[in-house]
$ cat query.pdb   # PDB, C-alpha atoms
ATOM      1  CA  MET Q  26       5.354   0.729 -21.258
ATOM      2  CA  ALA Q  27       3.508   0.631 -17.988
ATOM      3  CA  GLY Q  28       5.147  -1.428 -15.282
ATOM      4  CA  VAL Q  29       2.116  -3.404 -14.270
ATOM      5  CA  GLN Q  30       2.430  -5.676 -11.260
ATOM      6  CA  LEU Q  31      -0.887  -7.417 -11.048
ATOM      7  CA  ARG Q  32      -1.145 -10.755  -9.337
ATOM      8  CA  ALA Q  33      -1.156 -13.523 -11.894
ATOM      9  CA  SER Q  34      -4.040 -15.347 -10.251
ATOM     10  CA  ARG Q  35      -6.510 -12.716 -11.383
ATOM     11  CA  GLY Q  36      -5.498 -13.073 -15.003
ATOM     12  CA  GLY Q  37      -5.535 -10.335 -17.554
ATOM     13  CA  VAL Q  38      -2.395  -8.279 -17.300
ATOM     14  CA  LEU Q  39       0.798  -9.783 -15.980
ATOM     15  CA  SER Q  40       4.093  -8.339 -14.898
ATOM     16  CA  ALA Q  41       6.257  -7.507 -17.871
ATOM     17  CA  GLY Q  42       9.943  -6.893 -18.406
ATOM     18  CA  ARG Q  43      10.999  -6.640 -14.794
ATOM     19  CA  GLN Q  44      13.106  -8.903 -12.696
ATOM     20  CA  ALA Q  45      11.201 -11.000 -10.221
ATOM     21  CA  VAL Q  46      13.248  -9.766  -7.307
ATOM     22  CA  LEU Q  47      12.597  -6.128  -8.112
ATOM     23  CA  HIS Q  48       8.931  -6.869  -8.614
ATOM     24  CA  ASP Q  49       8.796  -8.488  -5.188
ATOM     25  CA  GLN Q  50      10.549  -5.585  -3.484
ATOM     26  CA  LEU Q  51       8.379  -2.932  -5.102
ATOM     27  CA  THR Q  52       5.258  -4.874  -4.265
ATOM     28  CA  LEU Q  53       6.509  -5.204  -0.703
ATOM     29  CA  VAL Q  54       6.807  -1.428  -0.390
ATOM     30  CA  GLU Q  55       3.264  -1.017  -1.688
ATOM     31  CA  LEU Q  56       2.122  -3.740   0.664
ATOM     32  CA  VAL Q  57       3.776  -2.294   3.756
ATOM     33  CA  ASP Q  58       2.438   1.139   2.837
ATOM     34  CA  ARG Q  59      -1.053  -0.340   2.879
ATOM     35  CA  VAL Q  60      -0.945  -2.635   5.886
ATOM     36  CA  LEU Q  61       0.614   0.067   8.082
ATOM     37  CA  ASN Q  62      -1.197   3.153   6.837
ATOM     38  CA  SER Q  63      -4.658   2.015   5.795
ATOM     39  CA  GLY Q  64      -7.267  -0.541   6.779
ATOM     40  CA  VAL Q  65      -9.341  -0.491   9.946
ATOM     41  CA  VAL Q  66      -7.059   0.460  12.814
ATOM     42  CA  LEU Q  67      -9.076   1.248  15.918
ATOM     43  CA  SER Q  68     -11.961  -0.943  16.926
ATOM     44  CA  GLY Q  69     -13.171  -2.168  20.266
ATOM     45  CA  ASP Q  70     -11.089  -3.388  23.151
ATOM     46  CA  ILE Q  71      -7.746  -3.697  21.417
ATOM     47  CA  THR Q  72      -4.629  -4.597  23.328
ATOM     48  CA  LEU Q  73      -2.249  -3.734  20.496
ATOM     49  CA  SER Q  74      -2.429  -1.646  17.342
ATOM     50  CA  VAL Q  75      -0.115   0.443  15.206
ATOM     51  CA  ALA Q  76      -2.265   3.518  15.881
ATOM     52  CA  GLY Q  77       0.063   4.793  18.575
ATOM     53  CA  VAL Q  78       3.292   4.087  16.712
ATOM     54  CA  ASP Q  79       5.138   6.872  14.943
ATOM     55  CA  LEU Q  80       5.222   5.264  11.517
ATOM     56  CA  VAL Q  81       7.387   7.908   9.936
ATOM     57  CA  TYR Q  82      10.487   6.197  11.179
ATOM     58  CA  VAL Q  83       9.295   2.664  10.797
ATOM     59  CA  GLY Q  84      10.226  -0.035   8.278
ATOM     60  CA  LEU Q  85       9.055   1.620   5.098
ATOM     61  CA  ARG Q  86      11.986   4.006   5.007
ATOM     62  CA  VAL Q  87      14.478   1.157   5.218
ATOM     63  CA  LEU Q  88      12.551  -0.763   2.578
ATOM     64  CA  LEU Q  89      12.598   2.178   0.205
ATOM     65  CA  ALA Q  90      16.355   2.458   0.501
ATOM     66  CA  SER Q  91      16.735  -1.188  -0.515
ATOM     67  CA  VAL Q  92      14.384  -0.727  -3.452
ATOM     68  CA  GLY Q  93      16.360   2.258  -4.719
ATOM     69  CA  THR Q  94      19.419   0.030  -4.915
ATOM     70  CA  LEU Q  95      17.555  -2.819  -6.617
ATOM     71  CA  ASP Q  96      15.948  -0.467  -9.112
ATOM     72  CA  GLY Q  97      19.364   0.707 -10.230
ATOM     73  CA  MET Q  98      20.551  -2.880 -10.635
ATOM     74  CA  ALA Q  99      17.546  -3.818 -12.758
ATOM     75  CA  GLU Q 100      17.972  -0.801 -15.025
ATOM     76  CA  ALA Q 101      21.619  -1.646 -15.512
ATOM     77  CA  ALA Q 102      20.768  -5.251 -16.345
ATOM     78  CA  ALA Q 103      17.976  -4.355 -18.747
TER      79      ALA Q 103
ATOM     80  CA  MET W  30       3.815 -20.383  28.250
ATOM     81  CA  SER W  31       3.052 -16.750  27.584
ATOM     82  CA  ALA W  32      -0.409 -15.214  27.424
ATOM     83  CA  LYS W  33      -2.288 -15.504  24.162
ATOM     84  CA  GLY W  34      -4.015 -12.742  22.265
ATOM     85  CA  ALA W  35      -6.248 -12.881  19.194
ATOM     86  CA  TYR W  36      -4.857 -11.322  15.991
ATOM     87  CA  LEU W  37      -7.545  -9.986  13.636
ATOM     88  CA  TYR W  38      -6.797  -9.986   9.881
ATOM     89  CA  GLY W  39     -10.181  -9.002   8.552
ATOM     90  CA  VAL W  40     -13.913  -9.565   8.565
ATOM     91  CA  VAL W  41     -15.954 -11.344   5.888
ATOM     92  CA  VAL W  42     -19.596 -12.229   5.332
ATOM     93  CA  ALA W  43     -20.329 -15.435   7.287
ATOM     94  CA  GLY W  44     -20.275 -18.435   4.969
ATOM     95  CA  ASP W  45     -18.050 -16.831   2.297
ATOM     96  CA  LEU W  46     -14.848 -18.359   3.632
ATOM     97  CA  GLY W  47     -14.122 -21.430   5.750
ATOM     98  CA  SER W  48     -11.109 -22.251   7.920
ATOM     99  CA  GLU W  49     -10.280 -25.141   5.548
ATOM    100  CA  ALA W  50      -9.589 -22.605   2.754
ATOM    101  CA  LEU W  51      -6.833 -21.137   4.945
ATOM    102  CA  ALA W  52      -5.339 -24.416   6.181
ATOM    103  CA  ASP W  53      -2.081 -23.961   4.212
ATOM    104  CA  GLN W  54      -1.890 -20.181   4.713
ATOM    105  CA  PRO W  55       0.932 -19.049   7.037
ATOM    106  CA  SER W  56      -0.207 -16.958   9.997
ATOM    107  CA  VAL W  57       1.574 -13.783  11.176
ATOM    108  CA  ASP W  58       3.600 -15.707  13.751
ATOM    109  CA  GLY W  59       4.170 -18.706  11.496
ATOM    110  CA  GLY W  60       2.844 -21.040  14.181
ATOM    111  CA  HIS W  61      -0.817 -20.803  15.125
ATOM    112  CA  ALA W  62      -3.390 -21.708  12.474
ATOM    113  CA  VAL W  63      -5.495 -19.071  10.748
ATOM    114  CA  ARG W  64      -9.175 -19.635  11.532
ATOM    115  CA  VAL W  65     -12.516 -18.221  10.468
ATOM    116  CA  VAL W  66     -14.964 -17.749  13.337
ATOM    117  CA  SER W  67     -18.578 -16.782  12.595
ATOM    118  CA  TYR W  68     -20.486 -14.328  14.773
ATOM    119  CA  GLY W  69     -23.995 -14.042  13.365
ATOM    120  CA  ARG W  70     -23.920 -12.713   9.813
ATOM    121  CA  VAL W  71     -20.238 -11.792   9.804
ATOM    122  CA  ALA W  72     -17.101 -13.813  10.438
ATOM    123  CA  ALA W  73     -13.666 -12.863  11.752
ATOM    124  CA  ILE W  74     -10.427 -14.185  10.290
ATOM    125  CA  LEU W  75      -8.042 -14.580  13.207
ATOM    126  CA  SER W  76      -5.152 -16.493  14.681
ATOM    127  CA  ASP W  77      -3.736 -16.845  18.180
ATOM    128  CA  VAL W  78      -0.550 -14.888  18.890
ATOM    129  CA  SER W  79       1.795 -14.682  21.833
ATOM    130  CA  LEU W  80       1.378 -11.385  23.678
ATOM    131  CA  ASP W  81       5.131 -11.487  24.274
ATOM    132  CA  GLU W  82       5.770 -11.192  20.548
ATOM    133  CA  PHE W  83       2.887  -8.783  19.909
ATOM    134  CA  ASP W  84       3.629  -6.389  22.717
ATOM    135  CA  GLU W  85       3.251  -2.608  22.684
ATOM    136  CA  ALA W  86       6.683  -1.961  24.128
ATOM    137  CA  THR W  87       8.508  -3.932  21.444
ATOM    138  CA  LEU W  88       6.239  -3.141  18.490
ATOM    139  CA  PRO W  89       8.280  -0.218  17.079
ATOM    140  CA  ALA W  90      11.452  -2.309  17.178
ATOM    141  CA  ARG W  91       9.709  -5.218  15.449
ATOM    142  CA  LEU W  92       8.312  -2.974  12.734
ATOM    143  CA  ASN W  93      11.827  -1.707  12.099
ATOM    144  CA  ASP W  94      13.102  -5.264  11.745
ATOM    145  CA  ILE W  95      12.722  -5.729   7.995
ATOM    146  CA  GLU W  96      12.622  -9.526   8.122
ATOM    147  CA  TRP W  97       9.914  -9.499  10.785
ATOM    148  CA  LEU W  98       7.981  -6.778   8.973
ATOM    149  CA  GLU W  99       8.144  -8.568   5.621
ATOM    150  CA  ARG W 100       7.103 -11.921   7.065
ATOM    151  CA  SER W 101       4.206 -10.409   9.002
ATOM    152  CA  ALA W 102       3.040  -8.158   6.163
ATOM    153  CA  ARG W 103       3.119 -10.975   3.614
ATOM    154  CA  ALA W 104       1.250 -13.339   5.937
ATOM    155  CA  HIS W 105      -1.336 -10.655   6.754
ATOM    156  CA  GLU W 106      -1.849  -9.879   3.056
ATOM    157  CA  GLY W 107      -1.834 -13.579   2.084
ATOM    158  CA  VAL W 108      -4.742 -14.242   4.402
ATOM    159  CA  LEU W 109      -6.634 -11.194   3.123
ATOM    160  CA  GLU W 110      -6.082 -12.201  -0.514
ATOM    161  CA  ARG W 111      -7.754 -15.553   0.109
ATOM    162  CA  ALA W 112     -10.712 -13.680   1.577
ATOM    163  CA  LEU W 113     -10.684 -11.204  -1.312
ATOM    164  CA  ASP W 114     -10.853 -14.057  -3.814
ATOM    165  CA  ALA W 115     -13.747 -15.540  -1.826
ATOM    166  CA  GLY W 116     -15.906 -12.457  -2.339
ATOM    167  CA  GLY W 117     -14.763  -9.520  -0.224
ATOM    168  CA  VAL W 118     -13.137  -8.564   3.042
ATOM    169  CA  VAL W 119     -12.872  -5.630   5.438
ATOM    170  CA  PRO W 120      -9.097  -5.465   5.914
ATOM    171  CA  PHE W 121      -7.736  -4.554   9.335
ATOM    172  CA  ARG W 122      -4.378  -2.926   9.863
ATOM    173  CA  LEU W 123      -1.244  -4.943  10.551
ATOM    174  CA  CYS W 124      -0.883  -5.886  14.238
ATOM    175  CA  THR W 125      -4.481  -5.497  15.385
ATOM    176  CA  VAL W 126      -4.499  -7.706  18.469
ATOM    177  CA  TYR W 127      -7.246  -8.281  21.063
ATOM    178  CA  ARG W 128      -6.488  -9.473  24.558
ATOM    179  CA  SER W 129      -8.566 -12.596  23.952
ATOM    180  CA  GLU W 130     -10.733 -14.281  21.357
ATOM    181  CA  GLU W 131     -13.732 -13.382  23.529
ATOM    182  CA  ALA W 132     -12.847  -9.669  23.382
ATOM    183  CA  LEU W 133     -12.467  -9.914  19.605
ATOM    184  CA  GLY W 134     -15.818 -11.690  19.313
ATOM    185  CA  GLN W 135     -17.505  -9.086  21.464
ATOM    186  CA  PHE W 136     -16.233  -6.329  19.162
ATOM    187  CA  VAL W 137     -17.493  -8.113  16.048
ATOM    188  CA  VAL W 138     -20.917  -8.791  17.564
ATOM    189  CA  GLU W 139     -21.322  -5.171  18.698
ATOM    190  CA  ARG W 140     -20.304  -3.763  15.291
ATOM    191  CA  GLU W 141     -22.121  -6.301  13.105
ATOM    192  CA  ALA W 142     -24.383  -3.751  11.396
ATOM    193  CA  GLU W 143     -21.547  -1.377  10.504
ATOM    194  CA  LEU W 144     -19.281  -4.226   9.383
ATOM    195  CA  LEU W 145     -22.051  -5.476   7.089
ATOM    196  CA  ARG W 146     -22.404  -1.995   5.591
ATOM    197  CA  VAL W 147     -18.689  -1.848   4.837
ATOM    198  CA  LEU W 148     -18.706  -5.411   3.476
ATOM    199  CA  ASP W 149     -21.554  -4.481   1.164
ATOM    200  CA  ARG W 150     -19.466  -1.586  -0.149
ATOM    201  CA  VAL W 151     -16.394  -3.718  -0.923
ATOM    202  CA  ALA W 152     -18.081  -6.949  -2.085
ATOM    203  CA  GLY W 153     -16.944  -7.999  -5.560
ATOM    204  CA  ARG W 154     -14.593  -5.018  -5.696
ATOM    205  CA  VAL W 155     -10.849  -4.600  -5.420
ATOM    206  CA  GLU W 156      -8.413  -1.757  -4.897
ATOM    207  CA  LEU W 157      -5.880  -0.890  -7.590
ATOM    208  CA  GLY W 158      -2.896   1.276  -6.747
ATOM    209  CA  VAL W 159      -1.555   3.727  -9.349
ATOM    210  CA  LYS W 160       1.720   5.555  -9.017
ATOM    211  CA  GLY W 161       2.829   8.353 -11.324
ATOM    212  CA  LEU W 162       6.619   8.455 -11.700
ATOM    213  CA  VAL W 163       8.812  11.001 -13.421
ATOM    214  CA  ALA W 164      12.468  10.680 -14.354
ATOM    215  CA  ARG W 165      14.647  12.970 -12.287
ATOM    216  CA  ASP W 166      16.987  15.373 -14.018
ATOM    217  CA  GLU W 167      20.689  14.759 -13.981
ATOM    218  CA  PRO W 168      22.127  16.791 -11.111
ATOM    219  CA  GLU W 169      23.520  19.946 -12.674
ATOM    220  CA  ALA W 170      26.884  21.394 -11.779
ATOM    221  CA  ASP W 171      26.625  23.531  -8.698
ATOM    222  CA  THR W 172      27.055  26.941 -10.270
ATOM    223  CA  ASP W 173      26.862  28.647  -6.910
ATOM    224  CA  THR W 174      30.357  27.513  -6.120
ATOM    225  CA  GLN W 175      31.706  28.956  -9.349
ATOM    226  CA  SER W 176      32.852  32.522  -9.408
ATOM    227  CA  GLY W 177      30.167  33.489 -11.942
ATOM    228  CA  THR W 178      28.542  36.742 -11.028
ATOM    229  CA  GLY W 179      28.198  38.198 -14.480
ATOM    230  CA  LEU W 180      25.281  38.527 -16.841
ATOM    231  CA  ALA W 181      25.721  35.075 -18.384
ATOM    232  CA  TYR W 182      25.524  33.470 -14.971
ATOM    233  CA  MET W 183      22.350  35.340 -14.059
ATOM    234  CA  GLN W 184      20.715  34.469 -17.369
ATOM    235  CA  GLU W 185      21.623  30.815 -16.966
ATOM    236  CA  ARG W 186      20.168  30.771 -13.476
ATOM    237  CA  GLN W 187      16.922  32.372 -14.608
ATOM    238  CA  ARG W 188      16.644  29.921 -17.484
ATOM    239  CA  ARG W 189      16.973  26.982 -15.123
ATOM    240  CA  GLN W 190      14.407  28.370 -12.732
ATOM    241  CA  ALA W 191      11.954  28.903 -15.593
ATOM    242  CA  ASP W 192      12.544  25.340 -16.822
ATOM    243  CA  ALA W 193      11.913  23.961 -13.350
ATOM    244  CA  ARG W 194       8.650  25.930 -13.016
ATOM    245  CA  GLN W 195       7.500  24.748 -16.437
ATOM    246  CA  ARG W 196       8.308  21.154 -15.591
ATOM    247  CA  ALA W 197       6.479  21.348 -12.243
ATOM    248  CA  GLN W 198       3.439  22.740 -14.044
ATOM    249  CA  LEU W 199       3.558  19.935 -16.631
ATOM    250  CA  ILE W 200       3.642  17.319 -13.868
ATOM    251  CA  ARG W 201       0.720  18.906 -11.986
ATOM    252  CA  THR W 202      -1.335  18.999 -15.171
ATOM    253  CA  CYS W 203      -0.438  15.397 -15.938
ATOM    254  CA  ALA W 204      -1.406  14.248 -12.425
ATOM    255  CA  ASP W 205      -4.786  16.003 -12.636
ATOM    256  CA  LEU W 206      -5.522  14.616 -16.087
ATOM    257  CA  ALA W 207      -4.508  11.077 -15.105
ATOM    258  CA  ASN W 208      -6.551  11.124 -11.901
ATOM    259  CA  ALA W 209      -9.607  12.375 -13.785
ATOM    260  CA  ARG W 210      -9.292   9.579 -16.355
ATOM    261  CA  PHE W 211      -8.805   6.852 -13.733
ATOM    262  CA  LYS W 212     -11.788   8.124 -11.765
ATOM    263  CA  GLU W 213     -14.063   7.762 -14.781
ATOM    264  CA  SER W 214     -14.001   3.983 -14.510
ATOM    265  CA  ALA W 215     -13.577   3.745 -10.726
ATOM    266  CA  ILE W 216     -16.266   3.501  -8.058
ATOM    267  CA  ALA W 217     -14.190   5.591  -5.653
ATOM    268  CA  ALA W 218     -10.744   7.180  -5.497
ATOM    269  CA  ALA W 219      -8.313   7.860  -2.647
ATOM    270  CA  MET W 220      -5.085   9.846  -2.644
ATOM    271  CA  MET W 221      -2.179   8.468  -0.654
ATOM    272  CA  ALA W 222       0.909  10.377   0.416
ATOM    273  CA  VAL W 223       3.562  10.735  -2.259
ATOM    274  CA  ARG W 224       6.752   9.152  -0.997
ATOM    275  CA  PRO W 225       9.844  11.320  -1.302
ATOM    276  CA  PRO W 226      12.584   9.793  -3.459
ATOM    277  CA  ASP W 227      15.896   8.590  -2.114
ATOM    278  CA  ASP W 228      18.901  10.649  -3.104
ATOM    279  CA  ASN W 229      19.982   8.019  -5.619
ATOM    280  CA  ALA W 230      16.540   7.189  -7.009
ATOM    281  CA  GLU W 231      16.161   7.709 -10.746
ATOM    282  CA  GLU W 232      12.480   8.583 -10.568
ATOM    283  CA  ALA W 233      10.329  10.760  -8.334
ATOM    284  CA  MET W 234       6.746   9.898  -7.461
ATOM    285  CA  PHE W 235       4.173  12.593  -8.212
ATOM    286  CA  LEU W 236       0.945  10.579  -7.906
ATOM    287  CA  ASN W 237       0.119   7.840  -5.390
ATOM    288  CA  ALA W 238      -3.538   6.999  -5.811
ATOM    289  CA  ALA W 239      -5.873   4.102  -5.108
ATOM    290  CA  TYR W 240      -9.051   3.277  -6.981
ATOM    291  CA  LEU W 241     -11.899   0.997  -5.987
ATOM    292  CA  VAL W 242     -13.033  -0.975  -9.043
ATOM    293  CA  ARG W 243     -15.118  -4.034  -9.875
ATOM    294  CA  ALA W 244     -12.956  -7.151  -9.562
ATOM    295  CA  ASP W 245     -13.298  -7.863 -13.308
ATOM    296  CA  ASP W 246     -12.707  -4.281 -14.471
ATOM    297  CA  ASP W 247      -9.244  -3.623 -15.910
ATOM    298  CA  ALA W 248      -9.952  -0.191 -17.415
ATOM    299  CA  VAL W 249      -7.514   1.465 -14.982
ATOM    300  CA  VAL W 250      -4.755  -0.854 -16.194
ATOM    301  CA  HIS W 251      -5.369   0.023 -19.842
ATOM    302  CA  GLU W 252      -5.658   3.733 -19.018
ATOM    303  CA  ALA W 253      -2.301   3.611 -17.209
ATOM    304  CA  ALA W 254      -0.667   1.985 -20.235
ATOM    305  CA  ALA W 255      -2.206   4.576 -22.588
ATOM    306  CA  LEU W 256      -1.096   7.508 -20.426
ATOM    307  CA  THR W 257       2.394   6.039 -20.136
ATOM    308  CA  ALA W 258       2.591   5.896 -23.933
ATOM    309  CA  ASP W 259       1.292   9.474 -24.259
ATOM    310  CA  TYR W 260       3.818  10.863 -21.773
ATOM    311  CA  ALA W 261       6.825   8.690 -22.669
ATOM    312  CA  GLY W 262       8.590  11.704 -24.202
ATOM    313  CA  GLN W 263       8.409  13.560 -20.884
ATOM    314  CA  GLY W 264       9.934  10.713 -18.878
ATOM    315  CA  ILE W 265       6.616  10.055 -17.131
ATOM    316  CA  ARG W 266       5.085   6.640 -16.529
ATOM    317  CA  PHE W 267       2.263   5.111 -14.526
ATOM    318  CA  GLU W 268       2.534   1.908 -12.579
ATOM    319  CA  VAL W 269      -0.439  -0.166 -11.434
ATOM    320  CA  THR W 270      -0.343  -2.516  -8.439
ATOM    321  CA  GLY W 271      -2.914  -4.902  -7.071
ATOM    322  CA  PRO W 272      -5.548  -6.119  -6.911
ATOM    323  CA  TRP W 273      -5.496  -5.307  -3.199
ATOM    324  CA  PRO W 274      -8.128  -5.690  -0.516
ATOM    325  CA  ALA W 275      -9.913  -2.332  -0.215
ATOM    326  CA  PHE W 276      -7.429  -0.974   2.354
ATOM    327  CA  ASN W 277      -8.033   2.644   1.385
ATOM    328  CA  PHE W 278     -11.821   2.336   1.178
ATOM    329  CA  VAL W 279     -12.700   1.203   4.670
ATOM    330  CA  PRO W 280     -13.176   3.598   7.594
ATOM    331  CA  PRO W 281     -10.201   3.822   9.985
ATOM    332  CA  GLU W 282     -12.548   2.983  12.824
ATOM    333  CA  VAL W 283     -15.662   0.831  12.698
ATOM    334  CA  ALA W 284     -18.309   2.405  14.910
ATOM    335  CA  SER W 285     -21.074   0.443  16.575
TER     336      SER W 285
END

$ encode --input "query.pdb" --output "structure tokens"
Amino acid sequence: MAGVQLRASRGGVLSAGRQAVLHDQLTLVELVDRVLNSGVVLSGDITLSVAGVDLVYVGLRVLLASVGTLDGMAEAAA
Amino acid sequence: MSAKGAYLYGVVVAGDLGSEALADQPSVDGGHAVRVVSYGRVAAILSDVSLDEFDEATLPARLNDIEWLERSARAHEGVLERALDAGGVVPFRLCTVYRSEEALGQFVVEREAELLRVLDRVAGRVELGVKGLVARDEPEADTDTQSGTGLAYMQERQRRQADARQRAQLIRTCADLANARFKESAIAAAMMAVRPPDDNAEEAMFLNAAYLVRADDDAVVHEAAALTADYAGQGIRFEVTGPWPAFNFVPPEVAS
């Protein structure tokens, strides 16, 4: 079945069959992917933005490694 | 006391969201309150930050600090979700900081028309993320290290290469079909980079898409479940995340 991770507050389809911790970690990867790689980035007289940061080596890679481990644990526990 | 900057989370239509709705919402630094400040017909969601913490020189190190990154990202998203539930928001990227609230206000005032256009596009809509995942094959014995040079070895190698080509073709076809089906119910679609799997990951991502849909439209969710059922025999599944603010459906830069 599809591993749906919709927020409960919007109703409809809820997370199914996955451990809460794994759900949180996977959602965090999706979240970090979005907040660092999309959204308005350059506007006006900005003193700081992630536009100049080489994101390839930032956070997400470390997060993904931790998710890989958690994913294996969840599968084993299922 | 260090100098203060103004951290911008997003922009909403003035009147849609009040500071009181964000009173219990943690800010990116966990200290200063999140506020909504109106500038004409649009309003900025912001909070004060220390320019020592949000400094260009230390930003890469902070982003590599998982605890700091998680706390900031969750706070940033938490604020945007309140705004999303209130009607719509133009999400800004993590760590967008102006040297002062005045500088932030000046930007919003100058770009009011363009911000309103983008707000009109995202109002009442949300972004859904869809990932296509395929089970990875068991690593096969490394035949190259064996002393096989005969006909059987060559045939085995060719068979494996043909299987791999066939499988790659199946996945491409599946990705195209899935994207076409999701797009039918979506207002807009965006392709994000497919993340390479870790060595020990059991699945590889072959589709990383985002779709802009009406906030009450769950057709993408049902389509993902149907496709997952159709392709279960091939070890393929689709995972939906969201609803997100329309991160992938706003321009990277808002022009005046």

$ closest_residue --input "query.pdb" --among "W:Phe235, W:Tyr260, W:Tyr240, W:Tyr127" --to "chain Q" --atoms "all atoms listed in the file"
W:Tyr127

$ resolve_selection --input "query.pdb" --expression "the ChimeraX specification (/Q :<6) & /W" --output "PyMOL selection string"
chain W and resi 92-93+120-128+136+230+254+257+267-271+276-277+281-283

$ write_last_selection --input "query.pdb" --atoms "C-alpha atoms" --output "compact mmCIF listing (two decimals), in the frame of the given file"
# COMPACT_ATOMS: atom_id res chain seq x y z
CA LEU W 92 8.31 -2.97 12.73
CA ASN W 93 11.83 -1.71 12.10
CA PRO W 120 -9.10 -5.46 5.91
CA PHE W 121 -7.74 -4.55 9.34
CA ARG W 122 -4.38 -2.93 9.86
CA LEU W 123 -1.24 -4.94 10.55
CA CYS W 124 -0.88 -5.89 14.24
CA THR W 125 -4.48 -5.50 15.38
CA VAL W 126 -4.50 -7.71 18.47
CA TYR W 127 -7.25 -8.28 21.06
CA ARG W 128 -6.49 -9.47 24.56
CA PHE W 136 -16.23 -6.33 19.16
CA ALA W 230 16.54 7.19 -7.01
CA ALA W 254 -0.67 1.98 -20.24
CA THR W 257 2.39 6.04 -20.14
CA PHE W 267 2.26 5.11 -14.53
CA GLU W 268 2.53 1.91 -12.58
CA VAL W 269 -0.44 -0.17 -11.43
CA THR W 270 -0.34 -2.52 -8.44
CA GLY W 271 -2.91 -4.90 -7.07
CA PHE W 276 -7.43 -0.97 2.35
CA ASN W 277 -8.03 2.64 1.38
CA PRO W 281 -10.20 3.82 9.98
CA GLU W 282 -12.55 2.98 12.82
CA VAL W 283 -15.66 0.83 12.70

$ atom_distance --input "query.pdb" --atom1 "atom CA of His105 of chain W" --atom2 "atom CA of Ser56 of chain W"
7.2 Å

$ residues_around --input "query.pdb" --residues "Met234 of chain W" --least-positions-apart "4" --cutoff "8 Å" --atoms "only C-alpha atoms" --output "JSON list (two decimals) with C-alpha atoms, in the coordinates of the input"
[["chain", "number", "residue", "atom", "x", "y", "z"],
["W", 160, "LYS", "CA", 1.72, 5.56, -9.02],
["W", 161, "GLY", "CA", 2.83, 8.35, -11.32],
["W", 162, "LEU", "CA", 6.62, 8.46, -11.70],
["W", 163, "VAL", "CA", 8.81, 11.00, -13.42],
["W", 223, "VAL", "CA", 3.56, 10.74, -2.26],
["W", 224, "ARG", "CA", 6.75, 9.15, -1.00],
["W", 225, "PRO", "CA", 9.84, 11.32, -1.30],
["W", 226, "PRO", "CA", 12.58, 9.79, -3.46]]

$ residues_around --input "query.pdb" --residues "Val71 of chain W" --least-positions-apart "2" --cutoff "9 Å" --atoms "all atoms listed in the file" --output "ChimeraX atom specification"
/W:40-44,66-69,73,137-138,141,144-145

$ resolve_selection --input "query.pdb" --expression "the PyMOL selection byres ((chain W and resi 196) around 12)" --output "list of chain:residue names"
W:Val163, W:Ala164, W:Arg165, W:Asp166, W:Arg189, W:Gln190, W:Ala191, W:Asp192, W:Ala193, W:Arg194, W:Gln195, W:Ala197, W:Gln198, W:Leu199, W:Ile200, W:Arg201, W:Thr202, W:Cys203, W:Gln263, W:Gly264, W:Ile265

$ write_last_selection --input "query.pdb" --atoms "C-alpha atoms" --output "short mmCIF file (atom, residue, chain, number, x, y, z; two decimals), keeping the file's coordinate frame"
data_model
loop_
_atom_site.label_atom_id
_atom_site.label_comp_id
_atom_site.auth_asym_id
_atom_site.auth_seq_id
_atom_site.Cartn_x
_atom_site.Cartn_y
_atom_site.Cartn_z
CA VAL W 163 8.81 11.00 -13.42
CA ALA W 164 12.47 10.68 -14.35
CA ARG W 165 14.65 12.97 -12.29
CA ASP W 166 16.99 15.37 -14.02
CA ARG W 189 16.97 26.98 -15.12
CA GLN W 190 14.41 28.37 -12.73
CA ALA W 191 11.95 28.90 -15.59
CA ASP W 192 12.54 25.34 -16.82
CA ALA W 193 11.91 23.96 -13.35
CA ARG W 194 8.65 25.93 -13.02
CA GLN W 195 7.50 24.75 -16.44
CA ALA W 197 6.48 21.35 -12.24
CA GLN W 198 3.44 22.74 -14.04
CA LEU W 199 3.56 19.93 -16.63
CA ILE W 200 3.64 17.32 -13.87
CA ARG W 201 0.72 18.91 -11.99
CA THR W 202 -1.34 19.00 -15.17
CA CYS W 203 -0.44 15.40 -15.94
CA GLN W 263 8.41 13.56 -20.88
CA GLY W 264 9.93 10.71 -18.88
CA ILE W 265 6.62 10.06 -17.13
#

$ atom_distance --input "query.pdb" --atom1 "atom CA of Gly116 of chain W" --atom2 "atom CA of Ser76 of chain W"
20.5 Å

$ atom_distance --input "query.pdb" --atom1 "atom CA of Gly134 of chain W" --atom2 "atom CA of Arg64 of chain W"
13.0 Å

$ residues_near_point --input "query.pdb" --point "(-6.9, 9.3, -5.0)" --cutoff "6 Å" --atoms "all atoms listed in the file" --output "VMD selection string"
chain W and resid 218 to 220 238 to 239

$ write_last_selection --input "query.pdb" --atoms "C-alpha atoms" --output "compact mmCIF listing (two decimals), in the frame of the given file"
# COMPACT_ATOMS: atom_id res chain seq x y z
CA ALA W 218 -10.74 7.18 -5.50
CA ALA W 219 -8.31 7.86 -2.65
CA MET W 220 -5.08 9.85 -2.64
CA ALA W 238 -3.54 7.00 -5.81
CA ALA W 239 -5.87 4.10 -5.11

$ resolve_selection --input "query.pdb" --expression "the PyMOL selection byres ((chain W and resi 151) around 8)" --output "PyMOL selection string"
chain W and resi 117-119+147-150+152-155+275+278

$ write_last_selection --input "query.pdb" --atoms "C-alpha atoms" --output "short mmCIF file (atom, residue, chain, number, x, y, z; two decimals), in the frame of the given file"
data_model
loop_
_atom_site.label_atom_id
_atom_site.label_comp_id
_atom_site.auth_asym_id
_atom_site.auth_seq_id
_atom_site.Cartn_x
_atom_site.Cartn_y
_atom_site.Cartn_z
CA GLY W 117 -14.76 -9.52 -0.22
CA VAL W 118 -13.14 -8.56 3.04
CA VAL W 119 -12.87 -5.63 5.44
CA VAL W 147 -18.69 -1.85 4.84
CA LEU W 148 -18.71 -5.41 3.48
CA ASP W 149 -21.55 -4.48 1.16
CA ARG W 150 -19.47 -1.59 -0.15
CA ALA W 152 -18.08 -6.95 -2.08
CA GLY W 153 -16.94 -8.00 -5.56
CA ARG W 154 -14.59 -5.02 -5.70
CA VAL W 155 -10.85 -4.60 -5.42
CA ALA W 275 -9.91 -2.33 -0.22
CA PHE W 278 -11.82 2.34 1.18
#
